[in-house]
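A.B. asks: Below is the structure I would like to discuss, written out as structure tokens.
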Amino acid sequence: MAEQVPEKMRAVVLSEYREDVAEAIARLTVQERPVPKPGRGQVLVKIAASPCNPSDLLLLQGKYGTLKTLPTVPGWEGAGTVVATGGGLLARWLSGKRVACALLGDRGGTWAEYFVADADNCIPLKADVPTEQGAGLIINPLTAMGLLQTARSAGSLAAIHTAGASQLGRMMIAMAADLDYPLINVVRRDEQVELLRSLGAKHVLNSSREDFAAELKALAGRLRATAAFEAIAGDMTGTVLNAMPPRSTAYVYGGLSEEACGNIDPIGLIFHEKTLTGFYLGKWLKRRGALGIFRDAGRLQRMIIDGRIATAIQRRVTLDEVADGLNQYVKNMTGGKVLIMPHGIHQRSTNENR
Ligand SMILES: NC(=O)c1ccc[n+]([C@@H]2O[C@H](COP(=O)([O-])OP(=O)(O)OC[C@H]3O[C@@H](n4cnc5c(N)ncnc54)[C@H](OP(=O)(O)O)[C@@H]3O)[C@@H](O)[C@H]2O)c1
């Protein structure tokens, strides 16, 4: 029997951007709002779980590349069950299915009991993929895959990845191993070196060590790592690009230091044909096309089922606990995602095989 959809829902609301992340989090409220109505080609997802990613924090700070009209509901991705559709072939096919879903655009997000998703931004979850893992299926795993594909199709024989201990970085280690593709993982603490080694990473460098730039230069030269996936920005961008062999490209895809990219040796750009560019998942997905995404998502779900990739979860919170949960995540990002569970934490294993 079709599930009754209420008129009202509870949602986290962002009413003003604040550059300071702690202030931005403190100003979030939980409000009652009308349940949004799906239009043609859209579905209504009853959200079971939604993570906080760095891009969510950047939205709260007003620093993300695509901002939204305020007040708004944050949350760029999540997972849940399709409980209503606005019509259209794909939307109707998704009816009743468990899906991973994501938002591209200026409307209410996933930190709410219900979320309207474009049907073509939903991925049906395989029976053995837990909903909590589905909640993080789109943004990080597809970006890791997209970065690797971008570097390999540009002819790079190996790559460097900064923010190696991130969830995305940990997934990339497994994906690169599957492809037999050498990856130099850069972290900033010794515990993170140990963590990545325990996951099977062969090359791990600690950027806090004095000899880091020299070590990176030697290793990148030996492995011919002519691609770098750079998520820190600030001086790290230049430090990495300067250490790479001639004709290398650094793909900046994150700005975790919240600083401008710097420290770039102009000699490398002029005489050694090094290039600096960016990578944004939204653009890459458009180029990849629906069929390609469907295939990639199938492969990622098989990797989740086999236990080869996973999103680590450090805490699950209800809507009322969001501020506390986000503060915990900001203090310890390597510890794993904080999952927001709008319908309560007890419901996390419903509608799943495990
Ligand atoms: N361009 C795109 O389309 C796209 C798509 C997806 C993700 N991303 C980016 O991918 C990156 C990883 O995302 P995620 O969700 O996997 O991250 P995550 O799991 O939250 O982990 C973040 C990692 O970065 C480290 N870190 C934070 N600030 C740092 C700094 N200033 N210097 C060095 N390391 C720092 C943290 O280490 P500590 O514990 O030591 O703080 C942690 O290991 C983010 O930058 C995100 O924005 C971009």
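Each chain in the structure tokens gets a letter, A, B and so on, in the order shown; residues start at 1 in every chain, and ligands are counted from 1 in the order they appear.
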Can I get the residues of range 112-177 of chain A within 10 Å of range 330-335 of chain A, each with the closest pair of atoms and their distance in Å to one decimal, using only C-alpha atoms, sorted chain first then ascending number, as a Markdown table?
C.D. replies:
| residue | atom | partner | partner_atom | distance |
| --- | --- | --- | --- | --- |
| A:Ala163 | CA | A:Thr334 | CA | 9.5 |
| A:Gly164 | CA | A:Thr334 | CA | 9.7 |
| A:Ala165 | CA | A:Thr334 | CA | 6.2 |
| A:Ser166 | CA | A:Thr334 | CA | 5.8 |
| A:Gln167 | CA | A:Thr334 | CA | 7.5 |
A.B. asks: At a cut-off of 7 Å and counting only C-alpha atoms and all ligand atoms, what residues surround ligand 1? Please answer as a VMD selection string.
C.D. replies: chain A and resid 53 to 55 139 to 140 143 163 to 169 187 to 189 231 to 232 253 to 257 279 to 282 332 to 337
A.B. asks: May I have the selected residues written with N, CA and C atoms, as a short mmCIF file (atom, residue, chain, number, x, y, z; two decimals), in the first residue's frame?
C.D. replies:
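Done, and the output landed in part.cif:
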data_model
loop_
_atom_site.label_atom_id
_atom_site.label_comp_id
_atom_site.auth_asym_id
_atom_site.auth_seq_id
_atom_site.Cartn_x
_atom_site.Cartn_y
_atom_site.Cartn_z
N ASN A 53 29.14 16.63 4.37
CA ASN A 53 30.40 16.63 3.61
C ASN A 53 31.03 18.02 3.71
N PRO A 54 32.32 18.16 3.33
CA PRO A 54 32.93 19.49 3.32
C PRO A 54 32.13 20.49 2.48
N SER A 55 31.50 20.03 1.39
CA SER A 55 30.72 20.96 0.56
C SER A 55 29.49 21.50 1.30
N ILE A 139 28.47 11.56 -3.90
CA ILE A 139 29.47 12.65 -3.95
C ILE A 139 30.91 12.14 -3.88
N ASN A 140 31.25 11.38 -2.85
CA ASN A 140 32.67 10.98 -2.74
C ASN A 140 33.07 9.85 -3.69
N THR A 143 33.27 11.00 -7.30
CA THR A 143 34.37 11.95 -7.50
C THR A 143 35.70 11.21 -7.57
N ALA A 163 44.88 15.17 1.06
CA ALA A 163 43.73 14.75 1.90
C ALA A 163 43.53 13.25 1.77
N GLY A 164 44.65 12.51 1.83
CA GLY A 164 44.62 11.06 1.64
C GLY A 164 43.79 10.32 2.67
N ALA A 165 43.64 10.88 3.89
CA ALA A 165 42.90 10.15 4.94
C ALA A 165 41.41 10.48 4.93
N SER A 166 40.98 11.29 3.96
CA SER A 166 39.54 11.59 3.86
C SER A 166 38.78 10.34 3.45
N GLN A 167 37.46 10.39 3.57
CA GLN A 167 36.66 9.23 3.11
C GLN A 167 36.91 8.99 1.63
N LEU A 168 36.95 10.08 0.88
CA LEU A 168 37.18 9.97 -0.56
C LEU A 168 38.56 9.34 -0.82
N GLY A 169 39.54 9.78 -0.05
CA GLY A 169 40.90 9.28 -0.23
C GLY A 169 40.99 7.79 0.06
N VAL A 187 49.12 12.81 3.63
CA VAL A 187 48.33 13.10 4.84
C VAL A 187 49.11 14.10 5.68
N ARG A 188 48.54 14.50 6.83
CA ARG A 188 49.29 15.51 7.61
C ARG A 188 49.68 15.05 9.01
N ARG A 189 49.31 13.81 9.37
CA ARG A 189 49.66 13.32 10.71
C ARG A 189 50.13 11.87 10.64
N ALA A 231 43.18 18.64 -2.78
CA ALA A 231 41.97 19.03 -2.03
C ALA A 231 42.25 20.04 -0.93
N ILE A 232 43.52 20.46 -0.76
CA ILE A 232 43.83 21.32 0.39
C ILE A 232 43.85 22.80 0.00
N TYR A 253 40.44 20.14 -6.50
CA TYR A 253 39.02 19.75 -6.41
C TYR A 253 38.45 20.01 -5.02
N GLY A 254 39.26 20.61 -4.13
CA GLY A 254 38.78 20.95 -2.80
C GLY A 254 39.62 22.10 -2.25
N GLY A 255 39.12 22.74 -1.20
CA GLY A 255 39.86 23.86 -0.61
C GLY A 255 39.82 23.76 0.90
N LEU A 256 40.26 22.61 1.43
CA LEU A 256 40.08 22.34 2.86
C LEU A 256 40.79 23.34 3.75
N SER A 257 41.89 23.96 3.27
CA SER A 257 42.60 24.95 4.09
C SER A 257 41.85 26.28 4.11
N PHE A 279 38.47 20.41 -10.85
CA PHE A 279 37.57 19.28 -11.11
C PHE A 279 36.33 19.48 -10.26
N TYR A 280 35.15 19.43 -10.90
CA TYR A 280 33.89 19.53 -10.16
C TYR A 280 32.99 18.38 -10.60
N LEU A 281 32.55 17.60 -9.62
CA LEU A 281 31.74 16.41 -9.92
C LEU A 281 30.54 16.72 -10.80
N GLY A 282 29.84 17.84 -10.49
CA GLY A 282 28.62 18.18 -11.24
C GLY A 282 28.89 18.26 -12.74
N ASN A 332 36.98 16.52 13.99
CA ASN A 332 37.64 15.24 13.70
C ASN A 332 37.10 14.68 12.38
N MET A 333 37.55 15.26 11.29
CA MET A 333 37.02 14.84 9.99
C MET A 333 37.51 13.44 9.62
N THR A 334 38.71 13.10 10.00
CA THR A 334 39.23 11.76 9.66
C THR A 334 38.42 10.67 10.37
N GLY A 335 37.77 11.04 11.48
CA GLY A 335 37.00 10.06 12.25
C GLY A 335 35.79 9.50 11.52
N GLY A 336 35.36 10.14 10.45
CA GLY A 336 34.24 9.60 9.68
C GLY A 336 33.09 10.59 9.59
N LYS A 337 32.10 10.22 8.81
CA LYS A 337 30.95 11.10 8.58
C LYS A 337 30.01 11.11 9.78
#
A.B. asks: Find, counting only C-alpha atoms, the residue in A:Leu58, A:Val45, A:Thr66, A:Gln31 that gets nearest to Glu19 in chain A.
C.D. replies: A:Leu58
A.B. asks: Select, from A:Glu23, A:Asp265, A:Glu191, A:Glu113, the residue with the minimum atom-to-atom distance to Leu44 in chain A, counting only C-alpha atoms.
C.D. replies: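 For Leu44 in chain A, the nearest of the given residues is A:Glu113.
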A.B. asks: So that I can check the secondary structure, give me every residue of range 3-221 of chain A assigned helix (DSSP H, G or I) by backbone DSSP, as JSON, numbers by chain.
C.D. replies: {"A": [21, 22, 23, 24, 25, 26, 54, 55, 56, 57, 58, 59, 60, 89, 90, 91, 92, 93, 94, 119, 120, 121, 131, 132, 133, 134, 139, 140, 141, 142, 143, 144, 145, 146, 147, 148, 149, 150, 151, 152, 153, 167, 168, 169, 170, 171, 172, 173, 174, 175, 176, 177, 178, 190, 191, 192, 193, 194, 195, 196, 197, 198, 212, 213, 214, 215, 216, 217, 218, 219, 220, 221]}
A.B. asks: Give me the residues within 12 Å of Leu147 in chain A as a compact mmCIF listing (two decimals) with N, CA, C and O atoms, in the first residue's frame, counting only C-alpha atoms and dropping any in the same chain fewer than 6 places off.
C.D. replies:
# COMPACT_ATOMS: atom_id res chain seq x y z
N ASN A 140 31.25 11.38 -2.85
CA ASN A 140 32.67 10.98 -2.74
C ASN A 140 33.07 9.85 -3.69
O ASN A 140 34.07 9.98 -4.40
N PRO A 141 32.33 8.74 -3.72
CA PRO A 141 32.80 7.63 -4.59
C PRO A 141 32.85 8.03 -6.07
O PRO A 141 33.81 7.70 -6.76
N SER A 153 42.81 8.96 -18.48
CA SER A 153 42.54 9.24 -19.89
C SER A 153 43.45 10.36 -20.41
O SER A 153 43.65 10.48 -21.61
N ALA A 154 44.05 11.15 -19.49
CA ALA A 154 45.03 12.16 -19.94
C ALA A 154 46.42 11.53 -20.08
O ALA A 154 47.38 12.23 -20.39
N SER A 156 48.28 9.97 -17.62
CA SER A 156 49.15 9.94 -16.43
C SER A 156 49.30 8.49 -15.94
O SER A 156 48.30 7.78 -15.81
N ALA A 158 50.60 7.58 -13.00
CA ALA A 158 50.42 7.50 -11.55
C ALA A 158 49.91 8.85 -11.08
O ALA A 158 49.99 9.84 -11.82
N ALA A 159 49.39 8.90 -9.85
CA ALA A 159 48.82 10.16 -9.36
C ALA A 159 49.17 10.39 -7.89
O ALA A 159 49.53 9.46 -7.16
N ILE A 160 49.05 11.65 -7.52
CA ILE A 160 49.23 12.07 -6.12
C ILE A 160 47.87 12.49 -5.60
O ILE A 160 47.10 13.13 -6.34
N HIS A 161 47.54 12.13 -4.35
CA HIS A 161 46.28 12.60 -3.78
C HIS A 161 46.52 13.25 -2.43
O HIS A 161 47.08 12.61 -1.52
N LEU A 168 36.95 10.08 0.88
CA LEU A 168 37.18 9.97 -0.56
C LEU A 168 38.56 9.34 -0.82
O LEU A 168 38.72 8.47 -1.68
N GLY A 169 39.54 9.78 -0.05
CA GLY A 169 40.90 9.28 -0.23
C GLY A 169 40.99 7.79 0.06
O GLY A 169 41.67 7.04 -0.65
N MET A 171 38.59 5.63 -0.23
CA MET A 171 37.95 4.90 -1.34
C MET A 171 38.89 4.85 -2.56
O MET A 171 38.97 3.85 -3.26
N MET A 172 39.58 5.97 -2.78
CA MET A 172 40.46 6.03 -3.95
C MET A 172 41.58 5.00 -3.85
O MET A 172 42.02 4.46 -4.86
N MET A 175 40.13 1.86 -5.16
CA MET A 175 39.86 1.95 -6.61
C MET A 175 41.16 1.90 -7.41
O MET A 175 41.25 1.23 -8.44
N ALA A 176 42.18 2.61 -6.93
CA ALA A 176 43.47 2.62 -7.63
C ALA A 176 44.09 1.22 -7.58
O ALA A 176 44.66 0.76 -8.58
N LEU A 183 49.39 5.19 -6.58
CA LEU A 183 48.82 6.40 -5.98
C LEU A 183 49.70 6.82 -4.80
O LEU A 183 50.00 6.02 -3.93
N ALA A 227 49.83 13.43 -12.48
CA ALA A 227 48.53 13.99 -12.10
C ALA A 227 48.50 14.14 -10.58
O ALA A 227 49.03 13.28 -9.87
N ALA A 228 47.91 15.24 -10.11
CA ALA A 228 47.71 15.38 -8.66
C ALA A 228 46.27 15.78 -8.42
O ALA A 228 45.74 16.66 -9.11
N PHE A 229 45.62 15.12 -7.47
CA PHE A 229 44.26 15.47 -7.06
C PHE A 229 44.43 16.27 -5.76
O PHE A 229 44.77 15.70 -4.72
N GLU A 230 44.19 17.57 -5.83
CA GLU A 230 44.59 18.46 -4.74
C GLU A 230 43.35 19.01 -4.04
O GLU A 230 42.59 19.78 -4.62
N ALA A 231 43.18 18.64 -2.78
CA ALA A 231 41.97 19.03 -2.03
C ALA A 231 42.25 20.04 -0.93
O ALA A 231 41.33 20.44 -0.23
N THR A 249 49.89 17.81 -14.38
CA THR A 249 48.69 18.62 -14.14
C THR A 249 48.20 18.41 -12.71
O THR A 249 48.07 17.26 -12.26
N ALA A 250 47.94 19.50 -12.01
CA ALA A 250 47.29 19.40 -10.69
C ALA A 250 45.81 19.76 -10.88
O ALA A 250 45.49 20.80 -11.43
N TYR A 251 44.94 18.84 -10.45
CA TYR A 251 43.50 19.06 -10.51
C TYR A 251 43.05 19.49 -9.11
O TYR A 251 43.02 18.67 -8.19
N VAL A 252 42.76 20.78 -8.92
CA VAL A 252 42.30 21.25 -7.62
C VAL A 252 40.82 20.91 -7.53
O VAL A 252 40.03 21.30 -8.39
N TYR A 253 40.44 20.14 -6.50
CA TYR A 253 39.02 19.75 -6.41
C TYR A 253 38.45 20.01 -5.02
O TYR A 253 37.30 19.69 -4.74
N GLY A 278 40.89 22.59 -12.51
CA GLY A 278 39.97 22.20 -11.44
C GLY A 278 39.17 20.97 -11.82
O GLY A 278 39.20 20.52 -12.98
N PHE A 279 38.47 20.41 -10.85
CA PHE A 279 37.57 19.28 -11.11
C PHE A 279 36.33 19.48 -10.26
O PHE A 279 36.42 19.68 -9.05
N TYR A 280 35.15 19.43 -10.90
CA TYR A 280 33.89 19.53 -10.16
C TYR A 280 32.99 18.38 -10.60
O TYR A 280 32.72 18.20 -11.80
N LEU A 281 32.55 17.60 -9.62
CA LEU A 281 31.74 16.41 -9.92
C LEU A 281 30.54 16.72 -10.80
O LEU A 281 30.24 15.99 -11.74
N TRP A 284 31.51 16.91 -14.34
CA TRP A 284 31.98 15.61 -14.83
C TRP A 284 30.79 14.67 -15.07
O TRP A 284 30.74 13.96 -16.08
N LEU A 285 29.81 14.70 -14.17
CA LEU A 285 28.63 13.83 -14.34
C LEU A 285 27.89 14.17 -15.62
O LEU A 285 27.41 13.28 -16.33
A.B. asks: Can you tell me, as an MDAnalysis selection string, what residues are no more than 9 Å from Val83 in chain A when counting only C-alpha atoms, ignoring any on the same chain fewer than 2 positions away?
C.D. replies: chainID A and resid 2:5 43:46 81 85 95:97
A.B. asks: Could you dump the residues just selected with N, CA, C and O atoms as a CSV table (one decimal), in the first residue's frame?
C.D. replies:
chain,number,residue,atom,x,y,z
A,2,ALA,N,0.5,2.3,-0.8
A,2,ALA,CA,1.3,3.5,-0.9
A,2,ALA,C,1.4,4.2,0.5
A,2,ALA,O,0.4,4.2,1.2
A,3,GLU,N,2.5,4.7,0.8
A,3,GLU,CA,2.7,5.4,2.1
A,3,GLU,C,2.0,6.8,2.1
A,3,GLU,O,2.1,7.5,1.1
A,4,GLN,N,1.4,7.1,3.2
A,4,GLN,CA,0.7,8.4,3.3
A,4,GLN,C,1.8,9.5,3.5
A,4,GLN,O,2.7,9.3,4.4
A,5,VAL,N,1.8,10.5,2.7
A,5,VAL,CA,2.8,11.6,2.8
A,5,VAL,C,2.1,12.7,3.6
A,5,VAL,O,1.0,13.2,3.2
A,43,VAL,N,11.0,12.9,-8.0
A,43,VAL,CA,10.4,12.0,-7.0
A,43,VAL,C,10.5,12.6,-5.6
A,43,VAL,O,11.4,13.5,-5.4
A,44,LEU,N,9.6,12.2,-4.7
A,44,LEU,CA,9.7,12.6,-3.3
A,44,LEU,C,10.4,11.5,-2.5
A,44,LEU,O,9.9,10.3,-2.5
A,45,VAL,N,11.6,11.8,-1.9
A,45,VAL,CA,12.3,10.8,-1.2
A,45,VAL,C,12.1,11.0,0.3
A,45,VAL,O,12.3,12.1,0.8
A,46,LYS,N,11.7,9.9,1.0
A,46,LYS,CA,11.6,10.0,2.5
A,46,LYS,C,13.0,9.7,3.0
A,46,LYS,O,13.5,8.5,2.8
A,81,THR,N,13.6,6.3,0.7
A,81,THR,CA,12.7,5.6,-0.1
A,81,THR,C,11.8,6.5,-0.9
A,81,THR,O,11.4,7.5,-0.4
A,85,THR,N,5.7,10.4,-6.7
A,85,THR,CA,6.4,10.9,-7.9
A,85,THR,C,5.5,11.9,-8.5
A,85,THR,O,4.3,12.0,-8.3
A,95,SER,N,9.4,4.5,-8.1
A,95,SER,CA,8.4,4.5,-7.1
A,95,SER,C,8.6,3.3,-6.1
A,95,SER,O,8.7,2.2,-6.6
A,96,GLY,N,8.7,3.6,-4.8
A,96,GLY,CA,8.8,2.5,-3.8
A,96,GLY,C,10.2,2.0,-3.6
A,96,GLY,O,10.5,1.2,-2.7
A,97,LYS,N,11.2,2.4,-4.5
A,97,LYS,CA,12.5,1.9,-4.4
A,97,LYS,C,13.4,2.7,-3.4
A,97,LYS,O,13.1,3.9,-3.1
A.B. asks: Excluding Ala201 in chain A and its own-chain neighbours fewer than 6 positions away, which residues fall within 10 Å of it when counting only C-alpha atoms? Please give them as a VMD selection string.
C.D. replies: chain A and resid 164 170 172 to 174 176 to 177 182 to 185 193 to 195
A.B. asks: What does the file look like for those residues with C-alpha atoms, as a CSV table (one decimal), in the first residue's frame?
C.D. replies:
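Here's the written file selection-v7.csv:
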chain,number,residue,atom,x,y,z
A,164,GLY,CA,44.6,11.1,1.6
A,170,ARG,CA,40.3,5.9,1.5
A,172,MET,CA,40.5,6.0,-4.0
A,173,ILE,CA,43.1,3.7,-2.5
A,174,ALA,CA,40.8,0.7,-3.1
A,176,ALA,CA,43.5,2.6,-7.6
A,177,ALA,CA,44.5,-0.8,-6.3
A,182,PRO,CA,50.1,3.8,-8.4
A,183,LEU,CA,48.8,6.4,-6.0
A,184,ILE,CA,50.9,8.6,-3.7
A,185,ASN,CA,48.7,9.5,-0.7
A,193,VAL,CA,50.0,7.3,7.8
A,194,GLU,CA,49.3,4.2,9.9
A,195,LEU,CA,45.6,4.3,9.0
A.B. asks: From a DSSP calculation on the backbone, collect every residue of range 16-132 of chain A in strand (DSSP E) and output the set as a count of residues only.
C.D. replies: 38
A.B. asks: Please compute the CA of Ala119 in chain A-CA of Gln42 in chain A distance, one decimal, in Å.
C.D. replies: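 Rounded to one decimal, the two atoms are 4.9 Å apart.
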A.B. asks: Which residues are near Pro38 in chain A? Cut-off 9 Å, only C-alpha atoms, ignore same chain within fewer than 6 positions. Put them as a JSON list (two decimals) with N, CA, C and O atoms, in the first residue's frame.
C.D. replies:
[["chain", "number", "residue", "atom", "x", "y", "z"],
["A", 44, "LEU", "N", 9.63, 12.19, -4.68],
["A", 44, "LEU", "CA", 9.74, 12.60, -3.29],
["A", 44, "LEU", "C", 10.41, 11.46, -2.52],
["A", 44, "LEU", "O", 9.92, 10.33, -2.52],
["A", 84, "ALA", "N", 6.62, 9.14, -3.41],
["A", 84, "ALA", "CA", 5.66, 9.79, -4.34],
["A", 84, "ALA", "C", 6.44, 10.22, -5.58],
["A", 84, "ALA", "O", 7.66, 10.41, -5.53],
["A", 85, "THR", "N", 5.73, 10.38, -6.67],
["A", 85, "THR", "CA", 6.39, 10.87, -7.89],
["A", 85, "THR", "C", 5.51, 11.95, -8.53],
["A", 85, "THR", "O", 4.31, 12.01, -8.30],
["A", 86, "GLY", "N", 6.16, 12.75, -9.37],
["A", 86, "GLY", "CA", 5.41, 13.77, -10.10],
["A", 86, "GLY", "C", 5.12, 13.32, -11.52],
["A", 86, "GLY", "O", 4.74, 14.12, -12.36],
["A", 87, "GLY", "N", 5.35, 12.06, -11.80],
["A", 87, "GLY", "CA", 5.09, 11.52, -13.13],
["A", 87, "GLY", "C", 6.32, 11.50, -14.01],
["A", 87, "GLY", "O", 7.35, 12.11, -13.69],
["A", 115, "PHE", "N", 12.57, 15.04, 0.67],
["A", 115, "PHE", "CA", 13.42, 15.78, -0.28],
["A", 115, "PHE", "C", 12.93, 15.47, -1.69],
["A", 115, "PHE", "O", 12.68, 14.31, -2.03],
["A", 116, "VAL", "N", 12.77, 16.52, -2.49],
["A", 116, "VAL", "CA", 12.41, 16.31, -3.90],
["A", 116, "VAL", "C", 13.70, 16.18, -4.71],
["A", 116, "VAL", "O", 14.55, 17.06, -4.71],
["A", 117, "ALA", "N", 13.82, 15.04, -5.39],
["A", 117, "ALA", "CA", 15.01, 14.78, -6.22],
["A", 117, "ALA", "C", 14.59, 14.68, -7.68],
["A", 117, "ALA", "O", 13.50, 14.19, -7.98],
["A", 118, "ASP", "N", 15.46, 15.14, -8.57],
["A", 118, "ASP", "CA", 15.24, 14.84, -9.98],
["A", 118, "ASP", "C", 15.47, 13.34, -10.15],
["A", 118, "ASP", "O", 16.45, 12.80, -9.61]]
A.B. asks: Would you please work out which residue, of A:Thr237, A:Thr69, A:Gln192, A:Thr226, is nearest to Arg152 in chain A when using only C-alpha atoms?
C.D. replies: A:Thr226
